[in-house]
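Visitor: Provided below: query_2.txt, containing compact mmCIF, C-alpha atoms and all ligand atoms.
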# COMPACT_ATOMS: atom_id res chain seq x y z
CA MET A 1 -95.63 43.91 -34.93
CA LYS A 2 -94.73 46.24 -37.75
CA ASP A 3 -95.84 45.54 -41.35
CA PHE A 4 -99.03 43.66 -40.45
CA ASP A 5 -102.26 44.92 -38.91
CA LEU A 6 -103.22 41.92 -36.78
CA ASP A 7 -106.28 43.61 -35.30
CA ARG A 8 -107.64 44.26 -38.78
CA TYR A 9 -106.94 40.69 -39.89
CA LEU A 10 -108.66 39.19 -36.84
CA ARG A 11 -111.75 41.37 -37.33
CA ALA A 12 -111.99 40.57 -41.05
CA SER A 13 -111.17 36.86 -40.83
CA GLY A 14 -113.86 34.48 -42.00
CA ARG A 15 -114.93 31.76 -44.34
CA VAL A 16 -113.82 32.42 -47.92
CA ASP A 17 -116.63 34.33 -49.58
CA LEU A 18 -118.07 32.16 -52.34
CA THR A 19 -121.26 34.20 -52.75
CA GLY A 20 -122.40 34.12 -56.34
CA LEU A 21 -119.80 31.55 -57.43
CA ALA A 22 -121.29 29.76 -60.47
CA TRP A 23 -121.37 26.25 -59.01
CA HIS A 24 -124.02 25.27 -61.55
CA ARG A 25 -121.57 26.09 -64.33
CA VAL A 26 -118.69 23.93 -63.04
CA ALA A 27 -119.74 20.83 -65.00
CA GLU A 28 -120.24 22.84 -68.22
CA HIS A 29 -116.49 23.24 -68.68
CA PRO A 30 -114.00 20.37 -68.93
CA LEU A 31 -111.62 19.91 -66.01
CA PRO A 32 -108.53 18.10 -67.33
CA ALA A 33 -107.23 15.24 -65.20
CA GLU A 34 -103.97 17.15 -64.54
CA GLU A 35 -105.89 20.03 -62.97
CA ALA A 36 -108.10 17.70 -60.97
CA ARG A 37 -105.00 15.96 -59.64
CA CYS A 38 -103.54 19.28 -58.51
CA LEU A 39 -106.84 20.30 -56.93
CA THR A 40 -107.08 16.99 -55.09
CA TYR A 41 -103.64 17.58 -53.60
CA MET A 42 -104.52 21.16 -52.69
CA MET A 43 -107.75 20.02 -51.05
CA ASP A 44 -105.98 17.34 -49.00
CA ILE A 45 -103.26 19.71 -47.81
CA GLU A 46 -105.65 22.55 -46.93
CA THR A 47 -107.77 20.11 -44.94
CA HIS A 48 -104.69 18.77 -43.17
CA THR A 49 -103.75 22.19 -41.75
CA VAL A 50 -105.35 21.46 -38.38
CA VAL A 51 -102.96 18.55 -37.86
CA PHE A 52 -99.96 20.87 -38.33
CA LEU A 53 -101.58 23.24 -35.88
CA ARG A 54 -101.76 20.48 -33.26
CA ASP A 55 -97.99 20.05 -33.47
CA LEU A 56 -97.32 23.76 -33.31
CA LEU A 57 -99.51 24.40 -30.30
CA ALA A 58 -97.46 21.86 -28.38
CA THR A 59 -94.43 24.13 -28.77
CA ARG A 60 -93.41 27.53 -27.45
CA ALA A 61 -95.39 29.09 -30.32
CA ALA A 62 -98.35 28.65 -27.94
CA HIS A 63 -96.81 31.17 -25.51
CA ASP A 64 -97.29 34.07 -27.90
CA PRO A 65 -100.83 35.54 -27.83
CA GLU A 66 -100.39 37.29 -31.19
CA VAL A 67 -99.29 34.10 -32.87
CA THR A 68 -102.09 32.03 -31.33
CA ALA A 69 -104.71 34.64 -32.23
CA PHE A 70 -103.56 34.50 -35.83
CA LEU A 71 -103.41 30.69 -35.87
CA SER A 72 -106.97 30.47 -34.52
CA CYS A 73 -108.32 32.32 -37.55
CA TRP A 74 -105.81 30.92 -40.03
CA VAL A 75 -106.81 27.30 -39.41
CA TYR A 76 -110.47 28.23 -39.82
CA GLU A 77 -109.81 29.88 -43.17
CA GLU A 78 -107.75 26.92 -44.40
CA LEU A 79 -110.58 24.54 -43.48
CA TRP A 80 -112.89 26.41 -45.84
CA HIS A 81 -110.31 26.38 -48.62
CA GLY A 82 -110.27 22.59 -48.38
CA GLU A 83 -114.06 22.48 -48.48
CA ALA A 84 -114.17 24.81 -51.48
CA PHE A 85 -111.84 22.54 -53.47
CA SER A 86 -113.76 19.47 -52.34
CA ARG A 87 -117.02 20.93 -53.62
CA PHE A 88 -115.46 22.06 -56.87
CA LEU A 89 -114.10 18.58 -57.58
CA GLY A 90 -117.48 17.07 -56.72
CA GLU A 91 -119.35 19.42 -59.05
CA ALA A 92 -116.79 18.66 -61.77
CA GLY A 93 -117.72 14.99 -61.52
CA PHE A 94 -114.78 13.61 -59.58
CA ASP A 95 -115.26 11.27 -56.69
CA LEU A 96 -112.20 10.21 -54.80
CA GLY A 97 -110.96 7.18 -52.94
CA PRO A 98 -111.21 5.37 -50.74
CA ASP A 99 -114.95 5.80 -50.29
CA ARG A 100 -115.84 7.76 -53.46
CA GLU A 101 -118.16 10.00 -51.50
CA GLU A 102 -120.46 12.11 -53.60
CA VAL A 103 -119.92 15.83 -52.95
CA TRP A 104 -121.74 18.79 -54.44
CA ALA A 105 -121.79 22.55 -53.88
CA ASP A 106 -124.27 22.42 -51.03
CA ALA A 107 -123.33 19.03 -49.57
CA PRO A 108 -123.36 18.70 -45.76
CA PHE A 109 -120.20 19.86 -43.96
CA PRO A 110 -117.59 18.57 -43.51
CA SER A 111 -117.24 16.69 -46.77
CA ARG A 112 -115.03 13.64 -47.49
CA VAL A 113 -114.87 12.47 -43.89
CA GLY A 114 -113.91 8.98 -45.06
CA ARG A 115 -111.05 10.23 -47.21
CA ASN A 116 -109.64 12.52 -44.54
CA SER A 117 -109.85 9.83 -41.84
CA TRP A 118 -108.06 7.48 -44.23
CA ILE A 119 -105.25 9.97 -44.88
CA ARG A 120 -104.78 10.65 -41.16
CA ARG A 121 -104.85 6.96 -40.25
CA LYS A 122 -102.18 6.21 -42.82
CA LEU A 123 -99.99 8.94 -41.36
CA LEU A 124 -100.39 7.95 -37.72
CA GLY A 125 -96.84 6.66 -37.06
CA LYS A 126 -95.18 9.41 -39.07
CA ALA A 127 -97.39 12.08 -37.50
CA GLN A 128 -96.48 10.96 -33.98
CA ALA A 129 -92.78 11.00 -34.87
CA SER A 130 -93.00 14.51 -36.34
CA HIS A 131 -94.98 15.67 -33.30
CA LEU A 132 -92.14 14.48 -31.06
CA VAL A 133 -89.45 16.06 -33.25
CA THR A 134 -91.32 19.38 -33.23
CA LEU A 135 -91.71 19.19 -29.47
CA LEU A 136 -88.02 18.42 -28.90
CA GLY A 137 -86.95 21.03 -31.44
CA SER A 138 -88.97 23.63 -29.62
CA MET A 139 -87.41 22.67 -26.28
CA VAL A 140 -83.80 22.86 -27.45
CA PHE A 141 -84.05 25.62 -30.05
CA ARG A 142 -84.76 29.03 -28.50
CA ASP A 143 -85.61 30.51 -31.86
CA PHE A 144 -88.18 27.89 -32.74
CA VAL A 145 -90.93 30.47 -33.32
CA ALA A 146 -88.66 32.36 -35.74
CA LEU A 147 -88.14 29.10 -37.60
CA HIS A 148 -91.84 28.33 -37.62
CA MET A 149 -92.78 31.80 -38.87
CA THR A 150 -90.17 31.74 -41.65
CA TRP A 151 -91.22 28.23 -42.65
CA GLY A 152 -94.84 29.43 -42.68
CA ALA A 153 -93.95 32.43 -44.87
CA ILE A 154 -92.33 30.16 -47.45
CA ASN A 155 -95.26 27.75 -47.39
CA GLU A 156 -97.90 30.45 -47.75
CA LEU A 157 -95.93 32.11 -50.55
CA SER A 158 -95.55 28.82 -52.40
CA THR A 159 -99.27 28.06 -51.94
CA LEU A 160 -100.08 31.49 -53.33
CA GLY A 161 -97.68 30.88 -56.23
CA ALA A 162 -99.16 27.45 -56.95
CA TYR A 163 -102.70 28.85 -57.10
CA GLN A 164 -101.52 31.62 -59.41
CA ARG A 165 -99.91 29.03 -61.66
CA LEU A 166 -103.13 27.03 -61.76
CA ILE A 167 -105.02 30.18 -62.74
CA ALA A 168 -102.47 30.72 -65.52
CA ARG A 169 -102.80 27.15 -66.81
CA THR A 170 -106.52 26.43 -66.53
CA ASN A 171 -109.25 27.35 -69.02
CA HIS A 172 -111.99 26.74 -66.47
CA PRO A 173 -113.66 30.10 -65.66
CA VAL A 174 -115.27 28.96 -62.40
CA LEU A 175 -111.98 27.57 -61.16
CA VAL A 176 -110.31 30.90 -61.91
CA ASP A 177 -113.03 32.66 -59.90
CA LEU A 178 -112.65 30.22 -56.97
CA LEU A 179 -108.87 30.46 -56.86
CA THR A 180 -108.95 34.26 -57.12
CA ARG A 181 -111.11 34.40 -53.99
CA ILE A 182 -108.95 31.93 -52.06
CA ILE A 183 -105.75 33.75 -53.05
CA LYS A 184 -106.91 36.83 -51.15
CA ASP A 185 -106.71 34.82 -47.92
CA GLU A 186 -103.34 33.34 -48.86
CA ARG A 187 -101.93 36.84 -49.40
CA ARG A 188 -102.94 37.81 -45.86
CA HIS A 189 -101.49 34.59 -44.46
CA PHE A 190 -98.19 35.25 -46.19
CA ALA A 191 -98.18 38.87 -44.98
CA PHE A 192 -98.56 37.75 -41.35
CA TYR A 193 -95.83 35.10 -41.49
CA ARG A 194 -93.49 37.44 -43.35
CA ALA A 195 -93.98 40.23 -40.81
CA GLN A 196 -93.35 37.81 -37.95
CA ALA A 197 -90.30 36.34 -39.69
CA ARG A 198 -88.81 39.79 -40.34
CA MET A 199 -89.24 40.72 -36.71
CA ARG A 200 -87.96 37.48 -35.20
CA LEU A 201 -85.04 36.83 -37.53
CA THR A 202 -83.40 40.05 -36.35
CA HIS A 203 -84.38 39.56 -32.71
CA ARG A 204 -81.11 37.97 -31.64
CA LEU A 205 -77.67 37.66 -33.14
CA GLY A 206 -77.37 34.31 -34.87
CA THR A 207 -81.09 33.61 -35.20
CA ALA A 208 -81.25 34.30 -38.94
CA ARG A 209 -78.21 32.15 -39.57
CA ALA A 210 -79.61 29.23 -37.55
CA VAL A 211 -83.03 29.47 -39.21
CA ARG A 212 -81.49 29.67 -42.68
CA TRP A 213 -79.23 26.71 -41.92
CA THR A 214 -82.21 24.63 -40.74
CA LEU A 215 -84.48 25.54 -43.64
CA ASP A 216 -81.77 24.85 -46.22
CA ARG A 217 -81.55 21.33 -44.83
CA LEU A 218 -85.08 20.49 -43.70
CA TRP A 219 -87.58 22.54 -45.70
CA ALA A 220 -89.75 20.64 -48.14
CA PRO A 221 -92.75 21.92 -50.13
CA ALA A 222 -96.09 22.22 -48.32
CA GLY A 223 -97.81 18.87 -48.02
CA THR A 224 -94.68 16.75 -48.39
CA GLY A 225 -95.26 13.52 -46.53
CA VAL A 226 -99.01 13.96 -46.21
CA ARG A 227 -99.63 12.49 -49.67
CA PRO A 228 -97.26 10.22 -51.60
CA GLN A 229 -94.09 11.95 -52.88
CA ARG A 230 -95.25 11.30 -56.44
CA GLU A 231 -98.28 13.55 -55.87
CA THR A 232 -96.19 16.42 -54.45
CA ASP A 233 -93.76 16.07 -57.36
CA PHE A 234 -96.55 15.97 -59.93
CA VAL A 235 -98.20 19.14 -58.61
CA ILE A 236 -94.93 21.11 -58.54
CA ALA A 237 -93.60 19.79 -61.83
CA TRP A 238 -96.87 20.33 -63.68
CA LEU A 239 -97.73 23.75 -62.26
CA PHE A 240 -94.19 25.08 -62.53
CA ALA A 241 -93.35 23.51 -65.88
CA GLY A 242 -91.61 25.44 -68.64
CA ASN A 243 -90.16 28.90 -68.69
CA ASP A 244 -93.16 30.56 -67.02
CA GLY A 245 -92.96 28.08 -64.16
CA ARG A 246 -89.24 28.63 -63.77
CA VAL A 247 -89.73 32.40 -63.63
CA ALA A 248 -92.52 32.00 -61.04
CA ALA A 249 -90.26 29.88 -58.82
CA GLU A 250 -87.43 32.40 -59.14
CA GLU A 251 -89.77 35.25 -58.22
CA MET A 252 -90.73 33.37 -55.07
CA ASP A 253 -87.08 32.95 -54.20
CA ASP A 254 -86.50 36.68 -54.78
CA THR A 255 -89.27 37.46 -52.30
CA ILE A 256 -87.89 35.07 -49.68
CA ALA A 257 -84.39 36.44 -50.28
CA GLN A 258 -85.58 39.76 -48.85
CA LEU A 259 -85.97 38.20 -45.39
CA PRO A 260 -83.07 38.91 -43.04
CA GLY A 261 -80.34 36.32 -43.63
CA PHE A 262 -81.96 34.83 -46.73
CA ALA A 263 -80.03 36.58 -49.51
CA GLY A 264 -79.47 34.21 -52.41
CA SER A 265 -82.01 31.67 -51.11
CA HIS A 266 -83.25 29.36 -53.86
CA LEU A 267 -85.51 26.92 -52.04
CA ALA A 268 -88.35 27.22 -54.59
CA ALA A 269 -86.13 26.76 -57.63
CA ARG A 270 -84.45 23.81 -55.95
CA ALA A 271 -87.78 22.16 -55.08
CA ARG A 272 -88.99 22.71 -58.66
CA GLY A 273 -85.81 21.20 -60.13
CA GLU A 274 -85.94 18.18 -57.84
CA ALA A 275 -89.62 17.51 -58.54
CA ILE A 276 -89.11 17.72 -62.31
CA ALA A 277 -86.05 15.45 -62.09
CA ARG A 278 -87.98 12.85 -60.10
CA MET A 279 -90.90 12.96 -62.53
CA GLY A 280 -88.49 12.07 -65.31
CA PRO A 281 -87.69 13.40 -68.79
CA GLY A 282 -90.53 14.32 -71.11
CA PHE A 283 -92.79 14.85 -68.13
CA GLU A 284 -94.32 18.04 -69.54
CA ARG A 285 -95.68 16.15 -72.52
CA MET A 286 -96.78 13.17 -70.46
CA ARG A 287 -100.43 12.24 -70.19
CA VAL A 288 -101.82 12.01 -66.73
CA ALA A 289 -101.61 8.67 -65.06
CA ALA A 290 -104.53 6.35 -64.76
CA PRO A 291 -105.11 6.51 -60.99
CA LEU A 292 -106.96 9.80 -61.11
CA ALA A 293 -108.92 8.87 -64.21
CA ALA A 294 -110.25 5.98 -62.13
CA PHE A 295 -111.77 8.48 -59.70
CA ARG A 296 -113.80 10.16 -62.42
CA THR A 297 -117.51 9.39 -62.21
FE FE B 1 -105.33 27.88 -47.94
FE FE B 2 -102.83 29.84 -46.23
Please rewrite the model in this file as structure tokens.
Guide:
Amino acid sequence: MKDFDLDRYLRASGRVDLTGLAWHRVAEHPLPAEEARCLTYMMDIETHTVVFLRDLLATRAAHDPEVTAFLSCWVYEELWHGEAFSRFLGEAGFDLGPDREEVWADAPFPSRVGRNSWIRRKLLGKAQASHLVTLLGSMVFRDFVALHMTWGAINELSTLGAYQRLIARTNHPVLVDLLTRIIKDERRHFAFYRAQARMRLTHRLGTARAVRWTLDRLWAPAGTGVRPQRETDFVIAWLFAGNDGRVAAEEMDDTIAQLPGFAGSHLAARARGEAIARMGPGFERMRVAAPLAAFRT
């Protein structure tokens, strides 16, 4: 694989390095409810990565040793991102439903077992259906791995973009430090998926067109369906609000447009526009809804 040094990634992969992070300073700075709501979503989606992996390993993606080597480390890194957000929210004084478990920087691992079991239980029917669709898609669509890698590139890029937007919007210095460390992993994840997508989209005549066609119709922002649509919309609309948010979404689209067959792609701008429209007019000035405030200790 050109453009990505897999050997180097595999050797360097590990738990996000939080050495010296000022956990004891987290509570000294206010964490607005809007930011906590975004972090809660990010935590839930990072933690859910292993469930996506289960679906993918049931497909022909499992036949490729380079892909499976990457996925083995990738899922491990995402687990620790979820834990890092969980601990940050705990230190900031937020406990979350349904069990309102108390979490702190050095709490036993894994944290929020009750919450994560609850989320997975609620998704059971939907998760089984998506597992079957993925399985069937992989059987009938020869280029399934190309689709998966391109989808992954867009998701990692949008995750990276969302964390950058949160850094831009927050005044919390420890959160900036935490996100800056996590972003380093997300950059590597994006680099892998992009390199794979570049290679596979040009592998066979028609692959890029089929993948583009599918993504234009089926792609939805990372985490869609795992949490209620209102939460996905809130995170996108709030993080990508205003002119800066619009520019950030367009920059993402420009990056994706460099993939073979993706010229003129505007998935990020479209997702942003749809989320803002669903949130309703005046959203940017809106106070955060009560449900999260209820989670505050
Ligand atoms: Fe992550
Ligand atoms: Fe990632």
Visitor: Sorted by chain and rising residue number, list the residues of stretch 38-115 of chain A at most 9 Å from stretch 216-229 of chain A (counting only C-alpha atoms), each with its closest atom pair and distance in Å to one decimal, as JSON lines.
Guide:
{"residue": "A:Tyr41", "atom": "CA", "partner": "A:Arg227", "partner_atom": "CA", "distance": 7.6}
{"residue": "A:Met42", "atom": "CA", "partner": "A:Gly223", "partner_atom": "CA", "distance": 8.5}
{"residue": "A:Asp44", "atom": "CA", "partner": "A:Arg227", "partner_atom": "CA", "distance": 8.0}
{"residue": "A:Ile45", "atom": "CA", "partner": "A:Gly223", "partner_atom": "CA", "distance": 5.5}
{"residue": "A:Glu46", "atom": "CA", "partner": "A:Gly223", "partner_atom": "CA", "distance": 8.7}
{"residue": "A:His48", "atom": "CA", "partner": "A:Val226", "partner_atom": "CA", "distance": 8.0}
Visitor: Residues near A:Asp253, anyone? I mean within 7 Å using only C-alpha atoms, not counting same-chain ones fewer than 5 positions away, as a short mmCIF file (atom, residue, chain, number, x, y, z; two decimals) with C-alpha atoms, in the frame of the given file.
Guide:
data_model
loop_
_atom_site.label_atom_id
_atom_site.label_comp_id
_atom_site.auth_asym_id
_atom_site.auth_seq_id
_atom_site.Cartn_x
_atom_site.Cartn_y
_atom_site.Cartn_z
CA SER A 265 -82.01 31.67 -51.11
CA HIS A 266 -83.25 29.36 -53.86
CA LEU A 267 -85.51 26.92 -52.04
CA ALA A 268 -88.35 27.22 -54.59
#
Visitor: Let me have all residues with an atom within 12 Å of ligand FE 1 (chain B), counting all atoms listed in the file, laid out as a ChimeraX atom specification.
Guide: /A:15-16,39,41-50,73-85,152,155-163,178-190,222-223
Visitor: From the options A:Ala237, A:Pro260, A:Glu250, A:Thr214, which residue's atoms come nearest to A:Ala277, counting all atoms listed in the file?
Guide: A:Ala237
Visitor: For atom CA of A:Ala195 and atom CA of A:Leu147, quote the distance in Å rounded to one decimal.
Guide: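 That distance, rounded to one decimal, is 13.0 Å.
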Visitor: What's the separation between atom CA of A:Ala275 and atom CA of A:Asp254, in Å to one decimal place?
Guide: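 Atom CA of A:Asp254 lies 19.8 Å from atom CA of A:Ala275.
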Visitor: Using all atoms listed in the file, which residue out of A:Ala197, A:Ala210, A:Ala168, A:Ile119 lies closest to A:Thr150?
Guide: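 So, comparing all the options, the nearest one is A:Ala197.
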Visitor: Would you compute the distance between atom CA of A:Thr68 and atom CA of A:Arg11? Give it in Å to one decimal.
Guide: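 Distance between the two atoms: 14.7 Å.
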Visitor: So which residues fall inside 6 Å of (-115.6, 17.5, -51.2) if we count only C-alpha atoms? Mind giving them as a list in words?
Guide: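 Looking at atoms near the point gives Glu83, Ser86, Arg87, Gly90, Val103, Ser111 and Arg112 of chain A.
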Visitor: Calculated over only C-alpha atoms, which of the candidates A:Met139, A:Leu123, A:Leu205, A:Ala249 has the smallest distance to A:Gln164?
Guide: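 Using only C-alpha atoms, the shortest distance to A:Gln164 belongs to A:Ala249.
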Visitor: For A:Arg165, which residue among A:Asp3, A:Glu251, A:Asp244, A:Asp17 is the nearest when counting all atoms listed in the file?
Guide: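 For A:Arg165, the nearest of the given residues is A:Asp244.
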Visitor: Restricting the calculation to all atoms listed in the file, which member of A:Ser138, A:Pro108, A:Asp99, A:Phe88 is positioned closest to A:Leu56?
Guide: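 Of A:Ser138, A:Pro108, A:Asp99, A:Phe88, the one nearest A:Leu56 is A:Ser138, counting all atoms listed in the file.
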Visitor: Between A:Leu71, A:Asn171, A:Ala127, A:Ala257, which is the closest to ligand FE 2 (chain B) once you count all atoms listed in the file?
Guide: A:Leu71
Visitor: Name the residues in contact with A:Ala69 at a cut-off of 9 Å, using only C-alpha atoms, excluding same-chain residues fewer than 5 positions from it; report them as a list in words.
Guide: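 My list of contacting residues is Leu6, Leu10, Asp64 and Trp74 of chain A.
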Visitor: Skip stretch 58-60 of chain A itself and residues of its chain fewer than 2 positions away, then list as a PDB file with C-alpha atoms, keeping the file's coordinate frame all residues within 10 Å of it, counting only C-alpha atoms.
Guide:
ATOM      1  CA  LEU A  53    -101.580  23.240 -35.880  1.00  0.00           C
ATOM      2  CA  ARG A  54    -101.760  20.480 -33.260  1.00  0.00           C
ATOM      3  CA  ASP A  55     -97.990  20.050 -33.470  1.00  0.00           C
ATOM      4  CA  LEU A  56     -97.320  23.760 -33.310  1.00  0.00           C
ATOM      5  CA  ALA A  62     -98.350  28.650 -27.940  1.00  0.00           C
ATOM      6  CA  HIS A  63     -96.810  31.170 -25.510  1.00  0.00           C
ATOM      7  CA  ASP A  64     -97.290  34.070 -27.900  1.00  0.00           C
ATOM      8  CA  HIS A 131     -94.980  15.670 -33.300  1.00  0.00           C
ATOM      9  CA  LEU A 132     -92.140  14.480 -31.060  1.00  0.00           C
ATOM     10  CA  THR A 134     -91.320  19.380 -33.230  1.00  0.00           C
ATOM     11  CA  LEU A 135     -91.710  19.190 -29.470  1.00  0.00           C
ATOM     12  CA  LEU A 136     -88.020  18.420 -28.900  1.00  0.00           C
ATOM     13  CA  GLY A 137     -86.950  21.030 -31.440  1.00  0.00           C
ATOM     14  CA  SER A 138     -88.970  23.630 -29.620  1.00  0.00           C
ATOM     15  CA  MET A 139     -87.410  22.670 -26.280  1.00  0.00           C
ATOM     16  CA  PHE A 141     -84.050  25.620 -30.050  1.00  0.00           C
ATOM     17  CA  ARG A 142     -84.760  29.030 -28.500  1.00  0.00           C
ATOM     18  CA  ASP A 143     -85.610  30.510 -31.860  1.00  0.00           C
ATOM     19  CA  PHE A 144     -88.180  27.890 -32.740  1.00  0.00           C
ATOM     20  CA  VAL A 145     -90.930  30.470 -33.320  1.00  0.00           C
TER      21      VAL A 145
END
